[in-house]
Every structure is written in C-alpha cells, then in structure tokens.
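**Student:** I'd like to ask you about the structure that follows.
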Amino acid sequence: MKIDTVPRAGYALELKKLRKSFGKTEIIRGANLAVNPGERVAIIGPNGAGKSTLFNLISGRFEPSSGDVLLNGERINGKKPFEINRLGLSRSFQITNIFPKLSVFENLRCGVLWSLGYKYTFLKFLANLHDANARADELMAMIKLDRKRDVLATHLTYAEQRALEIGITIAGGASVILLDEPTAGMSRSETSRFISLIKEVTVGKTLLTVEHDMGVVFGLADRIAVLVYGEVIACDVPEAVRADPRVQEAYLGLPVADAQGQGR
Ligand SMILES: Nc1ncnc2c1ncn2[C@@H]1O[C@H](COP(=O)(O)OP(=O)(O)OP(=O)(O)O)[C@@H](O)[C@H]1O
C-alpha cells in the first residue's frame with residue numbers, strides 16, 4: 001500500500017512570524033522556525049514558554065493570531081487538524097490515542113484506516129481489508145510489539161503503550177511527526193531504548209518534539225530550538241545551543257547540560 005506523503009522541495013515545516021494571543025495576553029510572539037526534511041528538532045524552553053501552544057498551532061488545534069505555518073511549503077493556518085493530518089503531519093496525543101479494549105494489532109489497524117479516511121463504524125469489516133492488515137503487521141514489527149499482537153492495549157506496560165502510540169502516530173505514513181514528551185514517565189533504561197526506537201521508526205521523516213529531559217534532547221535531536229517567552233531565541237546543533245549564553249540565561253544561569261529537570 002502506498003500511503004507515504006512525499007515532501008516537496010524546501011522546508012518540511014516552517015513557522016513565520018507566528019503569533020498567538022489568548023485574550024490580551026500574547027503567548028507566541030513572532031516565532032520563526034525552519035525545519036529541513038528528515039531533520040529531528042527538539043523544542044525546549046522554560047515552563048510556560050509556549051511549547052504546547054506552538055504544537056497546538058502547528059497541528060491545527062489553535063489558529064494563529066497572525067503569521068504563517070507552512071507544511072512542505074503549503075500554508076496550513078486555519079486548517080482543521082484532520083486536514084493537516086491528511087497533508088502529511090501527524091501528532092501523538094499520548095496514550096489517550098489508544099483504544100484500551102482493542103488489541104495491539106487492532107489499534108494499529110485503526111490508525112492505518114483512520115489515515116485513509118475510514119470510519120470506526122466499519123470495524124467489523126476490517127478483517128477483509130488486506131492492505132490495512134499488512135500495514136498494521138509492518139508497524140507492529142517496527143515498534144517491536146509483534147509478540148504482543150493480540151494483547152489488549154490496556155494490558156501493555158506503560159512503555160509499550162507509548163510505543164503503540166508512536167505506531168499509531170506514524171501509521172498513516174505522515175512525513176512530519178510531532179511528539180510531545182515521548183519518554184515522559186519512563187525509567188532511564190526504558191528511555192534510552194525508546195530513543196533508539198523513535199530514531200528507527202522516524203528514519204527519513206521530519207521529527208519535532210517538545211521535551212523537558214535534556215538527556216533525551218541531546219540523544220535525539222539534530223538541532224535544538226529554544227523557545228523563551230513565545231520566541232525562538234536559538235535553533236542550532238546541540239553543542240552550539242549548550243554554549244549559547246542567551247540559552248544559559250534562560251535556564252536560570254545554568255549551563256544547559258546541568259539544567260536537566262530545571263524546565264519542569
Ligand atoms: N487555551 C488557553 N487559554 C489561555 N491561556 C493559555 C491557553 N493555553 C495556554 N495558555 C497559557 O499560555 C502560556 C504558555 O503555556 P504552554 O502550555 O504553551 O507553555 P509550555 O511551554 O508548554 O509550558 P510547560 O513547559 O509548563 O508545559 C501559559 O501561561 C498558559 O497559561
């Protein structure tokens with residue numbers, strides 16, 4: 001089944017002078033960011049900097065007050081989240097994405113069918129949908145849950161549920177993936193395995209994460225975007241961001257590597 005969305009030339013994702021106010025309070029204040037196809041970018045920033053708001057603007061949950069969001073060169077402001085999803089951007093919604101009473105396989109198949117525009121009311125007919133079954137099997141192997149094929153999602157470990165969530169997020173073949181704190185709540189060993197898994201399943205895709213854990217940020221990101229008071233004050237390779245005095249100042253004067261947990 002061919003469902004990959006081929007990015008056009010240019011940036012995979014671009015934010016231009018993006019602004020968002022809630023009432024009189026401006027939360028995103030002219031944020032600019034350009035992410036290349038295939039790049040992994042982590043957004044960091046102190047509490048309340050606007051990271052979640054930025055994700056909500058990109059994924060269509062909020063409409064910008066002004067400025068633009070471009071996905072593969074196409075302006076997506078004002079589009080509905082499902083329209084943006086069909087254009088090739090997929091966002092994880094943490095484990096609320098998962099159907100607890102469905103098996104691993106059924107969850108993944110729902111993710112595939114949803115991206116193709118099927119309705120859940122057709123569930124009883126799904127067994128006949130050969131392509132979706134094949135894609136669900138493929139995803140299950142990618143997220144290393146093939147041995148749990150028929151286990152209900154509710155009976156998975158927390159880390160397995162998060163892996164399933166990633167499987168559902170990538171099910172539709174989106175070229176741009178947004179992950180919100182993908183390793184939150186995991187142990188150190190689970191986190192390091194999970195970083196490897198994320199890297200594997202997003203090969204060739206563009207990845208944007210919001211992350212508090214500096215270990216994850218430095219282990220995963222090609223570039224780090226630092227959001228402070230609704231502006232991207234730096235976006236560079238990890239070593240450069242670590243050494244940037246503006247970033248150190250934003251993290252209470254601590255070197256970024258020592259500021260692990262300070263953003264919480
Ligand atoms: N729907 C909303 N209505 C009003 N204010 C909002 C809304 N969403 C977010 N805010 C405000 O915007 C600011 C930024 O919030 P946001 O959650 O985007 O920050 P964040 O960087 O993700 O923070 P954290 O690291 O604590 O998760 C906060 O002051 C928050 O209260």
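All residue names refer to the structure tokens as shown: chains lettered A, B, ... in order, residues numbered from 1 in each chain, ligands numbered from 1 in order.
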Which neighbours of segment 59-62 of chain A fall inside 7 Å, counting only C-alpha atoms, when residues of the same chain fewer than 5 positions from it are skipped, and could you give them as a ChimeraX atom specification?
**Tutor:** /A:78-81,84,91
**Student:** Kindly work out which residues sit at most 6 Å from ligand 1, using only C-alpha atoms and all ligand atoms, and give the list as a PyMOL selection string.
**Tutor:** chain A and resi 22+27+46-53
**Student:** I'd like the interatomic distance between atom CA of Arg135 of chain A and atom CA of Lys199 of chain A, to a tenth of an Å.
**Tutor:**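 The value is 19.4 Å.
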**Student:** As a PyMOL selection string, list the residues of segment 62-200 of chain A assigned to alpha helix (DSSP H) by DSSP on the backbone atoms of this structure.
**Tutor:** chain A and resi 81-86+104-116+130-142+158-170+188-200
